[in-house]
>>> print(open('run.pdb').read())   # PDB, C-alpha atoms and all ligand atoms
ATOM      1  CA  MET A   1    -199.590-240.061-133.426
ATOM      2  CA  SER A   2    -196.193-241.653-132.879
ATOM      3  CA  THR A   3    -196.040-244.597-130.497
ATOM      4  CA  ASP A   4    -192.243-244.609-130.412
ATOM      5  CA  PRO A   5    -191.447-244.910-126.664
ATOM      6  CA  ARG A   6    -188.403-242.708-127.178
ATOM      7  CA  THR A   7    -190.307-239.541-128.037
ATOM      8  CA  VAL A   8    -190.724-236.681-125.616
ATOM      9  CA  ALA A   9    -194.510-237.191-125.721
ATOM     10  CA  SER A  10    -194.183-240.884-124.824
ATOM     11  CA  LEU A  11    -191.820-240.136-121.964
ATOM     12  CA  LEU A  12    -194.151-237.491-120.592
ATOM     13  CA  ALA A  13    -197.015-239.993-120.872
ATOM     14  CA  LEU A  14    -194.928-242.504-118.920
ATOM     15  CA  ALA A  15    -194.338-239.843-116.254
ATOM     16  CA  ARG A  16    -198.080-239.217-116.056
ATOM     17  CA  SER A  17    -198.774-242.888-115.604
ATOM     18  CA  LEU A  18    -196.207-242.945-112.775
ATOM     19  CA  GLY A  19    -197.988-240.042-111.085
ATOM     20  CA  LEU A  20    -195.180-237.510-111.543
ATOM     21  CA  ALA A  21    -195.994-233.811-111.608
ATOM     22  CA  ARG A  22    -195.820-232.508-115.188
ATOM     23  CA  LEU A  23    -193.286-229.842-114.261
ATOM     24  CA  ASP A  24    -190.961-232.411-112.661
ATOM     25  CA  ALA A  25    -191.248-234.652-115.722
ATOM     26  CA  GLN A  26    -190.464-231.802-118.102
ATOM     27  CA  LEU A  27    -187.483-230.753-115.998
ATOM     28  CA  LEU A  28    -186.114-234.302-115.928
ATOM     29  CA  VAL A  29    -186.352-234.646-119.706
ATOM     30  CA  ALA A  30    -184.811-231.199-120.167
ATOM     31  CA  HIS A  31    -181.942-232.018-117.830
ATOM     32  CA  ILE A  32    -181.093-235.337-119.451
ATOM     33  CA  VAL A  33    -181.262-234.073-123.035
ATOM     34  CA  GLY A  34    -179.399-230.895-122.127
ATOM     35  CA  ARG A  35    -182.180-228.548-123.249
ATOM     36  CA  ASP A  36    -184.524-226.246-121.390
ATOM     37  CA  ARG A  37    -188.141-226.790-120.457
ATOM     38  CA  ALA A  38    -189.421-224.626-123.322
ATOM     39  CA  TRP A  39    -187.699-226.973-125.758
ATOM     40  CA  VAL A  40    -189.360-229.983-124.137
ATOM     41  CA  ILE A  41    -192.784-228.376-124.418
ATOM     42  CA  ALA A  42    -192.216-227.399-128.060
ATOM     43  CA  HIS A  43    -190.881-230.803-129.236
ATOM     44  CA  PRO A  44    -193.293-233.605-128.301
ATOM     45  CA  GLU A  45    -192.289-235.636-131.375
ATOM     46  CA  ALA A  46    -188.527-235.385-130.816
ATOM     47  CA  VAL A  47    -186.870-238.789-130.402
ATOM     48  CA  ILE A  48    -184.499-238.939-127.463
ATOM     49  CA  ALA A  49    -181.388-241.079-127.805
ATOM     50  CA  ASN A  50    -181.053-241.853-124.099
ATOM     51  CA  ALA A  51    -184.764-242.334-123.470
ATOM     52  CA  GLU A  52    -184.130-245.298-121.153
ATOM     53  CA  LEU A  53    -182.108-243.001-118.894
ATOM     54  CA  VAL A  54    -185.027-240.571-118.752
ATOM     55  CA  ALA A  55    -187.472-243.384-118.021
ATOM     56  CA  ASN A  56    -185.252-244.665-115.194
ATOM     57  CA  ALA A  57    -184.941-241.214-113.666
ATOM     58  CA  MET A  58    -188.732-240.886-113.830
ATOM     59  CA  ARG A  59    -189.157-244.179-112.013
ATOM     60  CA  ARG A  60    -186.712-243.105-109.299
ATOM     61  CA  CYS A  61    -188.529-239.793-108.938
ATOM     62  CA  ALA A  62    -191.857-241.612-108.643
ATOM     63  CA  ALA A  63    -190.282-243.825-105.955
ATOM     64  CA  GLY A  64    -189.500-240.744-103.863
ATOM     65  CA  GLU A  65    -186.044-239.633-104.939
ATOM     66  CA  PRO A  66    -186.092-235.828-104.891
ATOM     67  CA  LEU A  67    -185.886-234.139-108.275
ATOM     68  CA  ALA A  68    -183.037-231.944-106.983
ATOM     69  CA  TYR A  69    -180.872-235.024-106.384
ATOM     70  CA  LEU A  70    -181.790-236.557-109.738
ATOM     71  CA  VAL A  71    -180.781-233.427-111.642
ATOM     72  CA  GLY A  72    -177.998-232.562-109.177
ATOM     73  CA  ARG A  73    -179.053-229.000-108.589
ATOM     74  CA  LYS A  74    -181.511-226.696-106.903
ATOM     75  CA  ALA A  75    -182.361-223.038-107.374
ATOM     76  CA  PHE A  76    -182.041-220.926-104.237
ATOM     77  CA  HIS A  77    -182.424-217.159-104.018
ATOM     78  CA  GLY A  78    -181.492-216.777-107.670
ATOM     79  CA  LEU A  79    -178.491-219.130-107.485
ATOM     80  CA  GLU A  80    -178.128-222.551-109.080
ATOM     81  CA  LEU A  81    -176.566-224.768-106.420
ATOM     82  CA  ALA A  82    -175.111-228.215-106.964
ATOM     83  CA  VAL A  83    -176.731-230.615-104.497
ATOM     84  CA  ASP A  84    -176.528-234.335-103.838
ATOM     85  CA  GLN A  85    -177.287-236.823-101.064
ATOM     86  CA  ARG A  86    -174.565-235.315 -98.876
ATOM     87  CA  VAL A  87    -176.618-232.159 -98.201
ATOM     88  CA  LEU A  88    -180.127-230.998 -97.377
ATOM     89  CA  ILE A  89    -181.933-229.624-100.412
ATOM     90  CA  PRO A  90    -182.301-225.861 -99.894
ATOM     91  CA  ARG A  91    -185.941-224.873 -99.266
ATOM     92  CA  PRO A  92    -187.756-221.731-100.393
ATOM     93  CA  GLU A  93    -188.604-220.841 -96.775
ATOM     94  CA  THR A  94    -184.906-220.374 -96.077
ATOM     95  CA  GLU A  95    -184.922-217.483 -98.541
ATOM     96  CA  ILE A  96    -186.842-215.585 -95.827
ATOM     97  CA  LEU A  97    -183.776-215.841 -93.604
ATOM     98  CA  VAL A  98    -181.593-214.532 -96.444
ATOM     99  CA  GLU A  99    -183.961-211.601 -97.026
ATOM    100  CA  TRP A 100    -183.947-210.716 -93.337
ATOM    101  CA  ALA A 101    -180.148-210.887 -93.224
ATOM    102  CA  LEU A 102    -179.944-208.568 -96.244
ATOM    103  CA  GLU A 103    -182.322-206.117 -94.541
ATOM    104  CA  LEU A 104    -179.993-205.975 -91.552
ATOM    105  CA  LEU A 105    -176.896-205.588 -93.736
ATOM    106  CA  ASP A 106    -178.606-202.701 -95.537
ATOM    107  CA  GLY A 107    -180.100-201.213 -92.347
ATOM    108  CA  PRO A 108    -178.537-201.363 -88.893
ATOM    109  CA  LEU A 109    -175.304-202.876 -90.218
ATOM    110  CA  ALA A 110    -174.988-200.671 -93.301
ATOM    111  CA  GLY A 111    -172.207-198.628 -91.731
ATOM    112  CA  LEU A 112    -170.026-201.738 -91.785
ATOM    113  CA  PRO A 113    -169.402-202.645 -95.421
ATOM    114  CA  HIS A 114    -167.162-205.547 -94.412
ATOM    115  CA  ALA A 115    -169.622-206.969 -91.921
ATOM    116  CA  ARG A 116    -168.540-210.368 -90.641
ATOM    117  CA  VAL A 117    -171.143-213.032 -91.259
ATOM    118  CA  LEU A 118    -171.225-216.610 -89.932
ATOM    119  CA  ASP A 119    -173.425-219.357 -91.406
ATOM    120  CA  LEU A 120    -173.742-222.232 -88.939
ATOM    121  CA  GLY A 121    -174.520-225.607 -90.541
ATOM    122  CA  THR A 122    -174.080-224.386 -94.075
ATOM    123  CA  GLY A 123    -174.889-227.648 -95.903
ATOM    124  CA  SER A 124    -174.762-226.872 -99.627
ATOM    125  CA  GLY A 125    -173.625-223.336 -98.750
ATOM    126  CA  ALA A 126    -177.006-221.908 -99.725
ATOM    127  CA  ILE A 127    -177.329-219.092 -97.161
ATOM    128  CA  ALA A 128    -173.646-218.158 -97.092
ATOM    129  CA  LEU A 129    -173.389-217.997-100.881
ATOM    130  CA  ALA A 130    -176.692-216.165-101.375
ATOM    131  CA  LEU A 131    -175.489-213.473 -98.938
ATOM    132  CA  LYS A 132    -171.998-213.244-100.405
ATOM    133  CA  ILE A 133    -173.210-212.881-103.981
ATOM    134  CA  ALA A 134    -175.771-210.246-102.959
ATOM    135  CA  ARG A 135    -173.334-208.186-100.823
ATOM    136  CA  PRO A 136    -169.838-209.046-102.089
ATOM    137  CA  ARG A 137    -168.018-206.890 -99.517
ATOM    138  CA  ILE A 138    -169.157-208.863 -96.503
ATOM    139  CA  ASP A 139    -166.763-211.344 -94.975
ATOM    140  CA  VAL A 140    -168.451-214.761 -94.817
ATOM    141  CA  THR A 141    -167.481-217.813 -92.757
ATOM    142  CA  ALA A 142    -169.476-221.013 -93.163
ATOM    143  CA  ILE A 143    -169.193-224.043 -90.941
ATOM    144  CA  ASP A 144    -170.588-227.554 -90.935
ATOM    145  CA  VAL A 145    -169.893-230.674 -88.911
ATOM    146  CA  SER A 146    -170.101-232.739 -92.089
ATOM    147  CA  GLU A 147    -166.904-232.661 -94.122
ATOM    148  CA  ALA A 148    -168.904-234.070 -97.027
ATOM    149  CA  ALA A 149    -171.269-231.094 -96.869
ATOM    150  CA  ILE A 150    -168.322-228.698 -96.789
ATOM    151  CA  GLU A 151    -167.002-230.310 -99.975
ATOM    152  CA  VAL A 152    -170.348-229.612-101.663
ATOM    153  CA  ALA A 153    -170.404-226.036-100.371
ATOM    154  CA  ARG A 154    -166.799-225.425-101.447
ATOM    155  CA  THR A 155    -167.601-226.700-104.935
ATOM    156  CA  ASN A 156    -170.569-224.340-105.116
ATOM    157  CA  ALA A 157    -168.460-221.411-103.911
ATOM    158  CA  ALA A 158    -165.748-222.164-106.468
ATOM    159  CA  ARG A 159    -168.204-222.532-109.343
ATOM    160  CA  LEU A 160    -169.834-219.209-108.431
ATOM    161  CA  GLY A 161    -166.453-217.545-107.887
ATOM    162  CA  LEU A 162    -167.351-216.545-104.323
ATOM    163  CA  ALA A 163    -164.759-216.228-101.558
ATOM    164  CA  VAL A 164    -166.131-217.801 -98.390
ATOM    165  CA  THR A 165    -164.064-219.253 -95.516
ATOM    166  CA  PHE A 166    -165.127-222.791 -94.610
ATOM    167  CA  ALA A 167    -164.458-224.586 -91.333
ATOM    168  CA  GLY A 168    -165.427-228.045 -90.117
ATOM    169  CA  GLY A 169    -166.755-228.725 -86.652
ATOM    170  CA  ASP A 170    -169.712-229.227 -84.395
ATOM    171  CA  TRP A 171    -171.469-225.829 -84.137
ATOM    172  CA  TRP A 172    -169.307-223.431 -82.091
ATOM    173  CA  HIS A 173    -166.520-226.012 -81.774
ATOM    174  CA  ALA A 174    -165.666-225.253 -85.397
ATOM    175  CA  LEU A 175    -164.314-221.936 -84.106
ATOM    176  CA  ASP A 176    -162.452-223.348 -81.087
ATOM    177  CA  GLY A 177    -158.981-222.979 -82.550
ATOM    178  CA  ALA A 178    -159.347-219.296 -83.338
ATOM    179  CA  ASN A 179    -157.604-216.884 -81.002
ATOM    180  CA  PRO A 180    -158.795-214.240 -80.349
ATOM    181  CA  ARG A 181    -162.341-215.516 -80.485
ATOM    182  CA  PRO A 182    -163.942-214.318 -83.740
ATOM    183  CA  GLN A 183    -166.802-211.843 -83.597
ATOM    184  CA  PHE A 184    -169.615-211.514 -86.097
ATOM    185  CA  GLU A 185    -172.128-208.828 -86.954
ATOM    186  CA  LEU A 186    -174.489-211.451 -88.273
ATOM    187  CA  ILE A 187    -174.872-215.114 -87.351
ATOM    188  CA  VAL A 188    -177.380-217.085 -89.406
ATOM    189  CA  ALA A 189    -178.426-220.721 -89.199
ATOM    190  CA  ASN A 190    -180.900-223.136 -90.678
ATOM    191  CA  PRO A 191    -180.084-225.990 -88.310
ATOM    192  CA  PRO A 192    -181.761-229.383 -88.054
ATOM    193  CA  TYR A 193    -184.992-228.843 -86.099
ATOM    194  CA  VAL A 194    -187.264-231.846 -86.704
ATOM    195  CA  ARG A 195    -188.151-234.059 -83.720
ATOM    196  CA  GLU A 196    -186.803-237.613 -83.561
ATOM    197  CA  GLY A 197    -189.548-239.914 -84.784
ATOM    198  CA  ASP A 198    -191.574-237.096 -86.385
ATOM    199  CA  PRO A 199    -193.890-238.601 -89.024
ATOM    200  CA  HIS A 200    -192.756-235.923 -91.553
ATOM    201  CA  LEU A 201    -189.392-237.672 -91.692
ATOM    202  CA  ALA A 202    -190.885-240.469 -93.800
ATOM    203  CA  SER A 203    -191.066-238.121 -96.786
ATOM    204  CA  LEU A 204    -187.570-236.735 -96.114
ATOM    205  CA  SER A 205    -185.778-240.086 -95.924
ATOM    206  CA  ARG A 206    -183.486-239.396 -98.894
ATOM    207  CA  GLU A 207    -181.884-236.393 -97.206
ATOM    208  CA  PRO A 208    -179.170-236.600 -94.528
ATOM    209  CA  ALA A 209    -180.847-237.180 -91.159
ATOM    210  CA  ALA A 210    -178.159-235.127 -89.425
ATOM    211  CA  ALA A 211    -179.336-232.080 -91.365
ATOM    212  CA  LEU A 212    -182.953-232.589 -90.307
ATOM    213  CA  VAL A 213    -183.284-234.201 -86.893
ATOM    214  CA  SER A 214    -182.256-232.636 -83.606
ATOM    215  CA  GLY A 215    -183.230-234.471 -80.474
ATOM    216  CA  ARG A 216    -186.550-235.362 -78.899
ATOM    217  CA  ASP A 217    -188.094-231.921 -79.255
ATOM    218  CA  GLY A 218    -186.140-230.866 -82.364
ATOM    219  CA  LEU A 219    -184.500-228.047 -80.425
ATOM    220  CA  ASP A 220    -181.085-229.477 -79.490
ATOM    221  CA  ALA A 221    -179.190-227.622 -82.218
ATOM    222  CA  LEU A 222    -181.149-224.407 -81.692
ATOM    223  CA  ARG A 223    -180.366-224.526 -77.947
ATOM    224  CA  THR A 224    -176.648-224.905 -78.675
ATOM    225  CA  ILE A 225    -176.697-222.111 -81.239
ATOM    226  CA  VAL A 226    -178.615-219.636 -79.092
ATOM    227  CA  ALA A 227    -176.641-220.469 -75.950
ATOM    228  CA  GLY A 228    -173.271-219.885 -77.627
ATOM    229  CA  SER A 229    -174.216-216.914 -79.753
ATOM    230  CA  SER A 230    -173.559-214.116 -77.275
ATOM    231  CA  GLN A 231    -169.871-215.031 -77.132
ATOM    232  CA  TYR A 232    -169.501-214.653 -80.883
ATOM    233  CA  LEU A 233    -171.778-211.691 -81.614
ATOM    234  CA  SER A 234    -170.087-208.333 -81.861
ATOM    235  CA  SER A 235    -171.784-205.578 -79.893
ATOM    236  CA  ARG A 236    -173.750-204.705 -83.045
ATOM    237  CA  GLY A 237    -174.387-208.315 -83.904
ATOM    238  CA  TRP A 238    -177.624-210.113 -84.719
ATOM    239  CA  LEU A 239    -178.508-213.795 -84.565
ATOM    240  CA  LEU A 240    -181.125-215.063 -87.062
ATOM    241  CA  VAL A 241    -182.316-218.663 -87.127
ATOM    242  CA  GLU A 242    -184.855-220.750 -88.991
ATOM    243  CA  HIS A 243    -187.004-223.124 -86.930
ATOM    244  CA  GLY A 244    -189.886-225.580 -87.174
ATOM    245  CA  TYR A 245    -193.509-224.602 -87.776
ATOM    246  CA  ASP A 246    -194.426-224.854 -84.084
ATOM    247  CA  GLN A 247    -191.170-223.732 -82.465
ATOM    248  CA  ALA A 248    -191.476-219.925 -82.677
ATOM    249  CA  ASP A 249    -192.316-219.402 -79.013
ATOM    250  CA  SER A 250    -189.711-221.872 -77.793
ATOM    251  CA  VAL A 251    -186.983-220.235 -79.861
ATOM    252  CA  ALA A 252    -187.986-216.698 -78.890
ATOM    253  CA  GLY A 253    -188.011-217.903 -75.261
ATOM    254  CA  LEU A 254    -184.513-219.352 -75.614
ATOM    255  CA  MET A 255    -183.266-216.095 -77.089
ATOM    256  CA  ALA A 256    -184.820-214.083 -74.277
ATOM    257  CA  ALA A 257    -183.380-216.463 -71.671
ATOM    258  CA  HIS A 258    -179.909-215.864 -73.114
ATOM    259  CA  GLY A 259    -180.305-212.110 -73.026
ATOM    260  CA  LEU A 260    -180.789-211.403 -76.710
ATOM    261  CA  ARG A 261    -182.581-208.131 -77.325
ATOM    262  CA  ASP A 262    -185.209-206.832 -79.746
ATOM    263  CA  ILE A 263    -186.378-210.362 -80.507
ATOM    264  CA  ASP A 264    -188.328-210.430 -83.729
ATOM    265  CA  ARG A 265    -189.916-213.020 -86.033
ATOM    266  CA  ARG A 266    -190.633-213.638 -89.682
ATOM    267  CA  VAL A 267    -193.265-215.763 -91.403
ATOM    268  CA  ASP A 268    -192.621-218.025 -94.380
ATOM    269  CA  LEU A 269    -194.525-218.102 -97.669
ATOM    270  CA  SER A 270    -197.328-220.106 -96.035
ATOM    271  CA  GLY A 271    -197.729-217.556 -93.246
ATOM    272  CA  VAL A 272    -196.090-219.821 -90.656
ATOM    273  CA  LEU A 273    -193.655-218.233 -88.187
ATOM    274  CA  ARG A 274    -190.386-219.645 -89.475
ATOM    275  CA  CYS A 275    -187.501-217.404 -88.382
ATOM    276  CA  CYS A 276    -186.554-215.770 -85.131
ATOM    277  CA  GLY A 277    -183.803-213.257 -84.444
ATOM    278  CA  GLY A 278    -182.363-210.976 -81.838
ATOM    279  CA  ARG A 279    -179.521-208.579 -81.112
ATOM    280  CA  SER A 280    -176.474-209.220 -79.013
ATOM    281  CA  PRO A 281    -177.043-208.912 -75.240
ATOM    282  CA  SER A 282    -174.240-206.354 -75.226
ATOM    283  CA  SER A 283    -175.732-204.319 -78.042
ATOM    284  CA  VAL A 284    -175.430-200.583 -77.782
ATOM    285  CA  ASP A 285    -178.519-198.530 -78.344
ATOM    286  CA  ARG A 286    -176.906-195.920 -80.529
ATOM    287  CA  LEU A 287    -174.680-197.195 -83.313
TER
HETATM  288  N1  LIG B   1    -187.746-227.297 -93.540
HETATM  289  C1  LIG B   1    -187.274-228.656 -93.598
HETATM  290  C2  LIG B   1    -188.458-229.587 -93.764
HETATM  291  O1  LIG B   1    -189.103-229.951 -92.805
HETATM  292  C3  LIG B   1    -186.458-229.012 -92.403
HETATM  293  C4  LIG B   1    -185.149-228.348 -92.516
HETATM  294  C5  LIG B   1    -184.413-228.310 -91.237
HETATM  295  O2  LIG B   1    -184.560-229.152 -90.352
HETATM  296  N2  LIG B   1    -183.618-227.330 -91.121
HETATM  297  O3  LIG B   1    -188.756-229.941 -94.847
END
>>> encode(input="run.pdb", output="structure tokens", more="lines below")
Ligand code: GLN
Amino acid sequence: MSTDPRTVASLLALARSLGLARLDAQLLVAHIVGRDRAWVIAHPEAVIANAELVANAMRRCAAGEPLAYLVGRKAFHGLELAVDQRVLIPRPETEILVEWALELLDGPLAGLPHARVLDLGTGSGAIALALKIARPRIDVTAIDVSEAAIEVARTNAARLGLAVTFAGGDWWHALDGANPRPQFELIVANPPYVREGDPHLASLSREPAAALVSGRDGLDALRTIVAGSSQYLSSRGWLLVEHGYDQADSVAGLMAAHGLRDIDRRVDLSGVLRCCGGRSPSSVDRL
């Protein structure tokens, strides 16, 4: 067997010794050599010219740098999104929010082909772009307080050829200049919802804290979003938000306190209540 440290097999052995998951190691090699994972699996003896680059990336991954940042992309709801340290890495649980939004667009909102959709705190653009590509006729606005995040989202929109309107600002303030006040049939958000000082943050330290942490109980952003939503929901409008694993009752309570109707919930892939939604307080019963 070859002992050349530049072979695929040697690099995968290095990854093993560093404690990397095999899938992550294969994906790193594939990314750096510009091949796919099947090629990596089928070519253990192949000698890689930039093996040192692969080895370095493996060491960074072992030291906690997320694979998505190392390869510069992340799959989300069938899309390949460019991601880097400026944005939260899209999570699979957020696909639940996308699925729920699509159900509403195909159900109660189906009579409105050009439904107006707002994504609050868009980050990489994941939710906004997943909705726009799935239902091209909807009219999507995406906002974020981070101009750097908006740059990432804009780049993703351009690469995917999707027309989304971006605006910068702190939650509802991003819409302050608009007169008359815009109205939306669907407002979606995956805001920061982790508590300050939460021990989970140790494993999330490479991602922007502003996208993760929201006050002492993790609910600051959700309070702002729920409180402002009724002013921006059309009479048929729905608000859907993602929240932390133990925040379902708090968020449903906030929605009820602000008059939202038909409050409903969704679980994530682990069976944890992860999303909460409700209809505009001024919703009409018959559409
Ligand atoms: N779901 C993320 C995590 O804890 C948090 C994302 C968020 O705060 N919106 O890994």
>>> closest_residue(input="run.pdb", among="A:Val87, A:Leu239, A:Leu97, A:Ala163", to="Ile150 in chain A", atoms="all atoms listed in the file")
A:Val87
>>> closest_atom_pairs(input="run.pdb", of="chain A", to="ligand LIG 1 (chain B)", cutoff="6 Å", atoms="all atoms listed in the file", output="Markdown table")
| residue | atom | partner | partner_atom | distance |
| --- | --- | --- | --- | --- |
| A:Asn190 | CA | B:LIG1 | N2 | 5.0 |
| A:Pro191 | CA | B:LIG1 | N2 | 4.7 |
| A:Pro192 | CA | B:LIG1 | O2 | 3.6 |
| A:Tyr193 | CA | B:LIG1 | O2 | 4.3 |
| A:Val194 | CA | B:LIG1 | O2 | 5.3 |
| A:Leu212 | CA | B:LIG1 | O2 | 3.8 |
>>> resolve_selection(input="run.pdb", expression="the PyMOL selection byres (((chain A and resi 272) around 12) and not hetatm)", output="PyMOL selection string")
chain A and resi 93+96+242-248+265-271+273-276
>>> closest_residue(input="run.pdb", among="A:Ser283, A:Ser203, A:Ser250, A:Ser17", to="Ser230 in chain A", atoms="all atoms listed in the file")
A:Ser283
>>> resolve_selection(input="run.pdb", expression="the PyMOL selection byres (((chain A and resi 282) around 10) and not hetatm)", output="number ranges by chain")
A: 230-231, 233-237, 259-261, 279-281, 283-285
>>> atom_distance(input="run.pdb", atom1="CA of Ala257 in chain A", atom2="CA of Gln183 in chain A")
20.9 Å
>>> atom_distance(input="run.pdb", atom1="CA of Ile143 in chain A", atom2="CA of Ala210 in chain A")
14.3 Å
>>> closest_residue(input="run.pdb", among="A:Ala189, A:Leu53, A:Ile41, A:Leu219", to="Asp249 in chain A", atoms="only C-alpha atoms")
A:Leu219
>>> resolve_selection(input="run.pdb", expression="the PyMOL selection byres (((chain A and resi 170-177) around 8) and not hetatm)", output="number ranges by chain")
A: 120-121, 143-145, 167-169, 178-179, 181-182, 224-225, 228
>>> atom_distance(input="run.pdb", atom1="CA of Trp238 in chain A", atom2="CA of Leu160 in chain A")
26.6 Å
>>> closest_residue(input="run.pdb", among="A:Leu88, A:Ala153, A:Val83, A:Ala55", to="Glu207 in chain A", atoms="all atoms listed in the file")
A:Leu88
>>> residues_around(input="run.pdb", residues="Ala15 in chain A", least_positions_apart="4", cutoff="9 Å", atoms="all atoms listed in the file", output="ChimeraX atom specification")
/A:10-11,19-22,24-25,55,58-59,62
>>> write_last_selection(input="run.pdb", atoms="C-alpha atoms", output="PDB file, in the coordinates of the input")
ATOM      1  CA  SER A  10    -194.183-240.884-124.824  1.00  0.00           C
ATOM      2  CA  LEU A  11    -191.820-240.136-121.964  1.00  0.00           C
ATOM      3  CA  GLY A  19    -197.988-240.042-111.085  1.00  0.00           C
ATOM      4  CA  LEU A  20    -195.180-237.510-111.543  1.00  0.00           C
ATOM      5  CA  ALA A  21    -195.994-233.811-111.608  1.00  0.00           C
ATOM      6  CA  ARG A  22    -195.820-232.508-115.188  1.00  0.00           C
ATOM      7  CA  ASP A  24    -190.961-232.411-112.661  1.00  0.00           C
ATOM      8  CA  ALA A  25    -191.248-234.652-115.722  1.00  0.00           C
ATOM      9  CA  ALA A  55    -187.472-243.384-118.021  1.00  0.00           C
ATOM     10  CA  MET A  58    -188.732-240.886-113.830  1.00  0.00           C
ATOM     11  CA  ARG A  59    -189.157-244.179-112.013  1.00  0.00           C
ATOM     12  CA  ALA A  62    -191.857-241.612-108.643  1.00  0.00           C
TER      13      ALA A  62
END
>>> closest_residue(input="run.pdb", among="A:Ile89, A:Ala157, A:Leu105, A:Leu254", to="Pro208 in chain A", atoms="only C-alpha atoms")
A:Ile89
>>> residues_near_point(input="run.pdb", point="(-169.7, -230.1, -106.2)", cutoff="10 Å", atoms="all atoms listed in the file", output="list in words")
Gly72, Arg73, Leu81, Ala82, Val83, Asp84, Ser124, Ala149, Ile150, Glu151, Val152, Ala153, Arg154, Thr155, Asn156, Ala157, Ala158 and Arg159 of chain A
>>> write_last_selection(input="run.pdb", atoms="C-alpha atoms", output="mmCIF file, keeping the file's coordinate frame")
data_model
loop_
_atom_site.group_PDB
_atom_site.id
_atom_site.type_symbol
_atom_site.label_atom_id
_atom_site.label_comp_id
_atom_site.auth_asym_id
_atom_site.auth_seq_id
_atom_site.Cartn_x
_atom_site.Cartn_y
_atom_site.Cartn_z
ATOM 1 C CA GLY A 72 -177.998 -232.562 -109.177
ATOM 2 C CA ARG A 73 -179.053 -229.000 -108.589
ATOM 3 C CA LEU A 81 -176.566 -224.768 -106.420
ATOM 4 C CA ALA A 82 -175.111 -228.215 -106.964
ATOM 5 C CA VAL A 83 -176.731 -230.615 -104.497
ATOM 6 C CA ASP A 84 -176.528 -234.335 -103.838
ATOM 7 C CA SER A 124 -174.762 -226.872 -99.627
ATOM 8 C CA ALA A 149 -171.269 -231.094 -96.869
ATOM 9 C CA ILE A 150 -168.322 -228.698 -96.789
ATOM 10 C CA GLU A 151 -167.002 -230.310 -99.975
ATOM 11 C CA VAL A 152 -170.348 -229.612 -101.663
ATOM 12 C CA ALA A 153 -170.404 -226.036 -100.371
ATOM 13 C CA ARG A 154 -166.799 -225.425 -101.447
ATOM 14 C CA THR A 155 -167.601 -226.700 -104.935
ATOM 15 C CA ASN A 156 -170.569 -224.340 -105.116
ATOM 16 C CA ALA A 157 -168.460 -221.411 -103.911
ATOM 17 C CA ALA A 158 -165.748 -222.164 -106.468
ATOM 18 C CA ARG A 159 -168.204 -222.532 -109.343
#
>>> residues_around(input="run.pdb", residues="Leu129 in chain A", least_positions_apart="3", cutoff="8 Å", atoms="all atoms listed in the file", output="PyMOL selection string")
chain A and resi 125-126+132-133+157+162+164
>>> residues_around(input="run.pdb", residues="Leu70 in chain A", least_positions_apart="2", cutoff="9 Å", atoms="only C-alpha atoms", output="ChimeraX atom specification")
/A:28,57,60-61,65-68,72-73,84
>>> write_last_selection(input="run.pdb", atoms="C-alpha atoms", output="PDB file, in the frame of the given file")
ATOM      1  CA  LEU A  28    -186.114-234.302-115.928  1.00  0.00           C
ATOM      2  CA  ALA A  57    -184.941-241.214-113.666  1.00  0.00           C
ATOM      3  CA  ARG A  60    -186.712-243.105-109.299  1.00  0.00           C
ATOM      4  CA  CYS A  61    -188.529-239.793-108.938  1.00  0.00           C
ATOM      5  CA  GLU A  65    -186.044-239.633-104.939  1.00  0.00           C
ATOM      6  CA  PRO A  66    -186.092-235.828-104.891  1.00  0.00           C
ATOM      7  CA  LEU A  67    -185.886-234.139-108.275  1.00  0.00           C
ATOM      8  CA  ALA A  68    -183.037-231.944-106.983  1.00  0.00           C
ATOM      9  CA  GLY A  72    -177.998-232.562-109.177  1.00  0.00           C
ATOM     10  CA  ARG A  73    -179.053-229.000-108.589  1.00  0.00           C
ATOM     11  CA  ASP A  84    -176.528-234.335-103.838  1.00  0.00           C
TER      12      ASP A  84
END
>>> closest_residue(input="run.pdb", among="A:Glu80, A:Glu99, A:Tyr232, A:Val226", to="Pro180 in chain A", atoms="only C-alpha atoms")
A:Tyr232
>>> residues_around(input="run.pdb", residues="Ala9 in chain A", least_positions_apart="2", cutoff="7 Å", atoms="all atoms listed in the file", output="PDB file with C-alpha atoms, in the frame of the given file")
ATOM      1  CA  THR A   7    -190.307-239.541-128.037  1.00  0.00           C
ATOM      2  CA  LEU A  11    -191.820-240.136-121.964  1.00  0.00           C
ATOM      3  CA  LEU A  12    -194.151-237.491-120.592  1.00  0.00           C
ATOM      4  CA  ALA A  13    -197.015-239.993-120.872  1.00  0.00           C
ATOM      5  CA  PRO A  44    -193.293-233.605-128.301  1.00  0.00           C
ATOM      6  CA  GLU A  45    -192.289-235.636-131.375  1.00  0.00           C
TER       7      GLU A  45
END
